[in-house]
Amino acid sequence: MLMFNNKTAFFIILSGLLLIAIGVMRGEFQDVLFKGINICLECMGLG
Amino acid sequence: MKNKRLFTQLTAFFLANPLLGNFFSGHIYQGRLKGGCLPILNCYSCPAAISSCPLGSLQSMAAGLVPRTSLYVLGILVVAAGTAGRWFCGWICPFGLIQDLMGRLTSLRLKIPFILTRIKYILIPLVIILPILWVDVNGFGSPYFCQYICPQGTLTAGIPLLLTNPELRLMIGTVFWVKIVILILIMLSSIFYKRSFCRIICPLGAFLGLFNKYALFKLFYTPENCSKCGRCTGVCPVGLDVPDNLNSSECIRCLACKKECASGLISFSMQPDSVKTKYRREMYENI
């Protein structure tokens, strides 16, 4: 197939998807959500 | 459409930051979408934002009492980088849009010394390692890039939230004013040095750029019919010698070179035009 001629890109994307899956299984979606819903004082320059 | 990129940038800006009413109420979005990250510099404390910032998330997790690298966020960045490299910088990033708008104030384009463009690559490991190594007496690190540098956080989170929250204003200290000075310097520099922040400081763009050569979507050039007019190099906002450095990690994939090439010799796709033509020919022959 035309798309999969670029094997390196295919491998990179697959690795990324694997990392996402492992991360979600480790509960990192919730961690990111928890950080994101609270005001980040450091980002504002107050922390 | 005359300026497809500006339209895409504005659309992406409002899709990533649709809750404009929060700028007046001084609240931030607290729904489940905040668990997602986009491969762009978009502060999660911006009142209008509905997703999280990958750099902020990576650093926050590394700065915890039990420091760890977020594979989830890293995975999102790797998928994005493997798909289109720094295309997200050129077409989607809100801070890229802000710099582009500043750059429109003048056509003057000054050259950034090469050594300064290396700083962002040093910042990539520091963004993850510093919050783990540089901890306080209680063992907690800090998202140092966000805390001391990130101009996007100052502009879209700091200023609007401080304007609407008197309690937060009581916490203003030296670091805030340092960040304001950094923001002003970056804004002013982006008038004369196109995309100065992206080219010198942004560790996110630097990371995405490392994959430019290997991404699924790349720039291709057909040298046979090239008249060497140099127009592609002339329009490059990051000052690349386009035909020779087509997939350089510095390229933000704005595709200005592709648009400028009158002969259509530059393409942004998964395969060079020659391969696509061969593939199509084979397809037709098999029918």
# chains A, B, ... in the order shown; residues from 1 in each chain; ligands from 1
>>> closest_atom_pairs(of="chain A", to="chain B", cutoff="7 Å", atoms="only C-alpha atoms", output="CSV")
residue,atom,partner,partner_atom,distance
A:Met3,CA,B:Met270,CA,6.7
A:Asn6,CA,B:Leu216,CA,6.5
A:Thr8,CA,B:Tyr214,CA,6.2
A:Ala9,CA,B:Leu216,CA,5.0
A:Ile12,CA,B:Gly82,CA,5.4
A:Ile13,CA,B:Val79,CA,4.6
A:Gly16,CA,B:Gly75,CA,4.1
A:Leu17,CA,B:Gly75,CA,6.0
A:Leu19,CA,B:Gly75,CA,4.7
A:Ile20,CA,B:Tyr72,CA,4.1
A:Ile22,CA,B:Leu71,CA,6.9
A:Gly23,CA,B:Tyr72,CA,4.1
A:Val24,CA,B:Tyr72,CA,6.1
A:Glu28,CA,B:Tyr72,CA,6.3
A:Phe29,CA,B:Gly35,CA,5.3
A:Gln30,CA,B:Gly35,CA,6.4
A:Val32,CA,B:Gly35,CA,5.2
A:Leu33,CA,B:Gly35,CA,3.8
A:Gly36,CA,B:Tyr44,CA,5.6
A:Ile37,CA,B:Gln30,CA,4.5
A:Ile39,CA,B:Ser45,CA,5.4
A:Cys40,CA,B:Ser45,CA,5.9
A:Glu42,CA,B:Gln147,CA,4.4
A:Cys43,CA,B:Cys146,CA,4.8
A:Met44,CA,B:Gly158,CA,3.9
A:Gly45,CA,B:Phe176,CA,4.4
A:Leu46,CA,B:Ile172,CA,5.9
A:Gly47,CA,B:Gln147,CA,6.9
>>> residues_around(residues="Gln99 in chain B", least_positions_apart="2", cutoff="12 Å", atoms="only C-alpha atoms", output="ChimeraX atom specification")
/B:6,9,89-90,93-97,101-105,151-152,183-199,237
>>> residues_around(residues="Thr11 in chain B", least_positions_apart="3", cutoff="12 Å", atoms="only C-alpha atoms", output="short mmCIF file (atom, residue, chain, number, x, y, z; two decimals) with N, CA and C atoms, in the first residue's frame")
data_model
loop_
_atom_site.label_atom_id
_atom_site.label_comp_id
_atom_site.auth_asym_id
_atom_site.auth_seq_id
_atom_site.Cartn_x
_atom_site.Cartn_y
_atom_site.Cartn_z
N LYS B 4 -4.72 30.20 3.06
CA LYS B 4 -5.24 28.98 3.67
C LYS B 4 -4.62 28.74 5.05
N ARG B 5 -3.34 29.08 5.18
CA ARG B 5 -2.65 28.80 6.45
C ARG B 5 -3.19 29.68 7.57
N LEU B 6 -3.38 30.95 7.30
CA LEU B 6 -3.92 31.85 8.34
C LEU B 6 -5.31 31.39 8.76
N PHE B 7 -6.11 30.99 7.79
CA PHE B 7 -7.46 30.49 8.09
C PHE B 7 -7.38 29.24 8.98
N THR B 8 -6.47 28.32 8.63
CA THR B 8 -6.30 27.09 9.43
C THR B 8 -5.83 27.43 10.84
N PHE B 14 -9.32 28.75 17.67
CA PHE B 14 -10.64 28.79 18.31
C PHE B 14 -11.17 27.39 18.65
N LEU B 15 -10.70 26.37 17.93
CA LEU B 15 -11.09 25.00 18.29
C LEU B 15 -10.39 24.56 19.58
N ALA B 16 -9.14 24.97 19.74
CA ALA B 16 -8.40 24.61 20.96
C ALA B 16 -8.79 25.51 22.13
N ASN B 17 -9.28 26.70 21.81
CA ASN B 17 -9.66 27.67 22.86
C ASN B 17 -11.05 28.23 22.59
N PRO B 18 -12.09 27.38 22.67
CA PRO B 18 -13.42 27.87 22.29
C PRO B 18 -14.17 28.63 23.41
N TRP B 91 1.03 25.31 11.26
CA TRP B 91 -0.38 25.43 10.89
C TRP B 91 -1.36 25.42 12.07
N ILE B 92 -0.97 24.91 13.22
CA ILE B 92 -1.92 24.72 14.31
C ILE B 92 -1.57 25.52 15.57
N CYS B 93 -0.30 25.64 15.89
CA CYS B 93 0.10 26.20 17.19
C CYS B 93 -0.39 27.64 17.40
N PRO B 94 -1.12 27.89 18.50
CA PRO B 94 -1.63 29.24 18.77
C PRO B 94 -0.50 30.27 18.97
N LEU B 97 0.78 31.29 15.69
CA LEU B 97 -0.12 32.26 15.06
C LEU B 97 0.17 33.68 15.58
#
>>> closest_residue(among="B:Val137, B:Arg86, B:Phe24, B:Arg68", to="Asp31 in chain A", atoms="only C-alpha atoms")
B:Arg68
>>> atom_distance(atom1="CA of Leu20 in chain B", atom2="CA of Leu41 in chain A")
20.3 Å
>>> residues_around(residues="Cys232 in chain B", least_positions_apart="6", cutoff="7 Å", atoms="only C-alpha atoms", output="list in words")
Val242, Cys257, Glu260 and Cys261 of chain B
>>> select_by_dssp(residues="range 21-192 of chain B", states="helix (DSSP H, G or I)", output="ChimeraX atom specification")
/B:22-25,32-35,54-62,71-84,87-91,94-103,114-133,144-148,151-164,166-169,174-192
>>> write_last_selection(atoms="C-alpha atoms", output="JSON list (two decimals), in the first residue's frame")
[["chain", "number", "residue", "atom", "x", "y", "z"],
["B", 22, "ASN", "CA", -14.14, 32.30, 30.56],
["B", 23, "PHE", "CA", -11.81, 35.22, 29.88],
["B", 24, "PHE", "CA", -14.43, 37.43, 31.53],
["B", 25, "SER", "CA", -15.47, 35.07, 34.32],
["B", 32, "ARG", "CA", -12.75, 15.57, 30.82],
["B", 33, "LEU", "CA", -11.30, 16.93, 27.57],
["B", 34, "LYS", "CA", -8.52, 18.41, 29.71],
["B", 35, "GLY", "CA", -7.16, 14.86, 29.95],
["B", 54, "PRO", "CA", 2.00, 18.61, 26.57],
["B", 55, "LEU", "CA", 5.02, 20.47, 27.99],
["B", 56, "GLY", "CA", 3.17, 21.44, 31.16],
["B", 57, "SER", "CA", 1.82, 17.91, 31.62],
["B", 58, "LEU", "CA", 5.22, 16.28, 31.07],
["B", 59, "GLN", "CA", 6.86, 18.60, 33.59],
["B", 60, "SER", "CA", 4.08, 18.38, 36.19],
["B", 61, "MET", "CA", 4.31, 14.61, 36.24],
["B", 62, "ALA", "CA", 8.09, 14.71, 36.42],
["B", 71, "LEU", "CA", 4.41, 7.91, 28.36],
["B", 72, "TYR", "CA", 0.88, 8.98, 27.42],
["B", 73, "VAL", "CA", 1.93, 12.56, 26.62],
["B", 74, "LEU", "CA", 5.19, 11.42, 25.04],
["B", 75, "GLY", "CA", 3.16, 9.00, 22.88],
["B", 76, "ILE", "CA", 0.89, 11.80, 21.65],
["B", 77, "LEU", "CA", 3.95, 13.83, 20.67],
["B", 78, "VAL", "CA", 5.61, 10.86, 18.94],
["B", 79, "VAL", "CA", 2.45, 10.08, 16.92],
["B", 80, "ALA", "CA", 2.13, 13.74, 15.90],
["B", 81, "ALA", "CA", 5.82, 14.00, 15.04],
["B", 82, "GLY", "CA", 5.80, 10.73, 13.10],
["B", 83, "THR", "CA", 2.80, 11.91, 11.09],
["B", 84, "ALA", "CA", 3.85, 15.39, 10.01],
["B", 87, "TRP", "CA", 3.62, 20.88, 10.56],
["B", 88, "PHE", "CA", 1.74, 21.51, 13.81],
["B", 89, "CYS", "CA", 4.06, 24.48, 14.50],
["B", 90, "GLY", "CA", 3.35, 26.03, 11.14],
["B", 91, "TRP", "CA", -0.38, 25.43, 10.89],
["B", 94, "PRO", "CA", -1.63, 29.24, 18.77],
["B", 95, "PHE", "CA", 1.66, 30.83, 19.82],
["B", 96, "GLY", "CA", 2.94, 30.35, 16.27],
["B", 97, "LEU", "CA", -0.12, 32.26, 15.06],
["B", 98, "ILE", "CA", 0.56, 35.10, 17.52],
["B", 99, "GLN", "CA", 4.17, 35.34, 16.30],
["B", 100, "ASP", "CA", 3.07, 35.23, 12.66],
["B", 101, "LEU", "CA", 0.66, 38.11, 13.30],
["B", 102, "MET", "CA", 3.46, 40.11, 14.93],
["B", 103, "GLY", "CA", 5.71, 39.28, 11.96],
["B", 114, "PHE", "CA", 23.00, 29.71, 14.07],
["B", 115, "ILE", "CA", 24.24, 29.11, 17.63],
["B", 116, "LEU", "CA", 21.03, 30.57, 19.11],
["B", 117, "THR", "CA", 18.90, 28.10, 17.15],
["B", 118, "ARG", "CA", 20.63, 25.25, 19.06],
["B", 119, "ILE", "CA", 19.30, 26.40, 22.45],
["B", 120, "LYS", "CA", 15.92, 24.70, 21.97],
["B", 121, "TYR", "CA", 17.58, 21.28, 21.52],
["B", 122, "ILE", "CA", 19.35, 21.67, 24.86],
["B", 123, "LEU", "CA", 15.99, 22.50, 26.43],
["B", 124, "ILE", "CA", 14.36, 19.20, 25.31],
["B", 125, "PRO", "CA", 16.08, 17.00, 27.93],
["B", 126, "LEU", "CA", 16.09, 19.79, 30.51],
["B", 127, "VAL", "CA", 12.29, 20.07, 30.36],
["B", 128, "ILE", "CA", 12.00, 16.48, 31.61],
["B", 129, "ILE", "CA", 15.16, 16.10, 33.71],
["B", 130, "LEU", "CA", 15.19, 19.39, 35.66],
["B", 131, "PRO", "CA", 11.85, 18.84, 37.47],
["B", 132, "ILE", "CA", 13.18, 15.44, 38.62],
["B", 133, "LEU", "CA", 16.65, 16.58, 39.71],
["B", 144, "TYR", "CA", 10.64, 25.08, 35.42],
["B", 145, "PHE", "CA", 10.09, 25.85, 31.75],
["B", 146, "CYS", "CA", 6.50, 26.96, 32.46],
["B", 147, "GLN", "CA", 7.55, 28.76, 35.61],
["B", 148, "TYR", "CA", 10.42, 30.86, 34.31],
["B", 151, "PRO", "CA", 5.50, 33.21, 27.23],
["B", 152, "GLN", "CA", 2.30, 31.43, 26.16],
["B", 153, "GLY", "CA", 1.41, 30.81, 29.83],
["B", 154, "THR", "CA", 2.05, 34.45, 30.72],
["B", 155, "LEU", "CA", 0.03, 35.75, 27.79],
["B", 156, "THR", "CA", -2.99, 33.46, 27.76],
["B", 157, "ALA", "CA", -3.18, 32.33, 31.40],
["B", 158, "GLY", "CA", -1.29, 34.78, 33.61],
["B", 159, "ILE", "CA", -2.56, 38.10, 32.27],
["B", 160, "PRO", "CA", -6.27, 37.14, 31.80],
["B", 161, "LEU", "CA", -6.56, 35.33, 35.13],
["B", 162, "LEU", "CA", -4.83, 38.11, 37.04],
["B", 163, "LEU", "CA", -7.12, 40.70, 35.46],
["B", 164, "THR", "CA", -10.21, 38.85, 36.69],
["B", 166, "PRO", "CA", -8.02, 40.06, 42.68],
["B", 167, "GLU", "CA", -6.86, 37.28, 45.08],
["B", 168, "LEU", "CA", -4.32, 36.04, 42.55],
["B", 169, "ARG", "CA", -2.99, 39.57, 42.08],
["B", 174, "THR", "CA", 9.53, 39.12, 40.83],
["B", 175, "VAL", "CA", 9.14, 35.95, 38.75],
["B", 176, "PHE", "CA", 5.93, 37.28, 37.21],
["B", 177, "TRP", "CA", 7.61, 40.50, 36.11],
["B", 178, "VAL", "CA", 10.57, 38.53, 34.74],
["B", 179, "LYS", "CA", 8.10, 36.48, 32.68],
["B", 180, "ILE", "CA", 6.40, 39.66, 31.47],
["B", 181, "VAL", "CA", 9.78, 40.99, 30.28],
["B", 182, "ILE", "CA", 10.47, 37.68, 28.51],
["B", 183, "LEU", "CA", 7.05, 37.85, 26.85],
["B", 184, "ILE", "CA", 7.63, 41.44, 25.67],
["B", 185, "LEU", "CA", 11.09, 40.57, 24.33],
["B", 186, "ILE", "CA", 9.72, 37.58, 22.42],
["B", 187, "MET", "CA", 6.81, 39.58, 21.02],
["B", 188, "LEU", "CA", 9.09, 42.41, 19.89],
["B", 189, "SER", "CA", 11.72, 40.07, 18.47],
["B", 190, "SER", "CA", 9.12, 38.17, 16.45],
["B", 191, "ILE", "CA", 8.42, 41.37, 14.49],
["B", 192, "PHE", "CA", 11.92, 41.38, 13.02]]
>>> atom_distance(atom1="CA of Ile200 in chain B", atom2="CA of Pro113 in chain B")
9.6 Å
>>> closest_residue(among="B:Pro272, B:Lys259, B:Cys251, B:Leu41", to="Pro203 in chain B", atoms="only C-alpha atoms")
B:Leu41
>>> residues_around(residues="range 243-249 of chain B", least_positions_apart="6", cutoff="7 Å", atoms="only C-alpha atoms", output="VMD selection string")
chain B and resid 209 to 210 212 to 213 218 to 219 221
>>> select_by_dssp(residues="range 48-251 of chain B", states="strand (DSSP E)", output="ChimeraX atom specification")
/B:218-221
>>> write_last_selection(atoms="N, CA, C and O atoms", output="short mmCIF file (atom, residue, chain, number, x, y, z; two decimals), in the first residue's frame")
data_model
loop_
_atom_site.label_atom_id
_atom_site.label_comp_id
_atom_site.auth_asym_id
_atom_site.auth_seq_id
_atom_site.Cartn_x
_atom_site.Cartn_y
_atom_site.Cartn_z
N LYS B 218 6.17 14.47 4.21
CA LYS B 218 7.44 15.17 4.07
C LYS B 218 7.40 16.12 2.89
O LYS B 218 6.51 16.03 2.04
N LEU B 219 8.41 16.97 2.81
CA LEU B 219 8.53 17.83 1.63
C LEU B 219 9.37 17.11 0.58
O LEU B 219 10.39 16.49 0.92
N PHE B 220 8.93 17.17 -0.66
CA PHE B 220 9.68 16.58 -1.76
C PHE B 220 9.94 17.64 -2.82
O PHE B 220 9.16 18.59 -2.98
N TYR B 221 11.05 17.47 -3.54
CA TYR B 221 11.49 18.48 -4.51
C TYR B 221 11.94 17.77 -5.78
O TYR B 221 12.63 16.76 -5.71
#
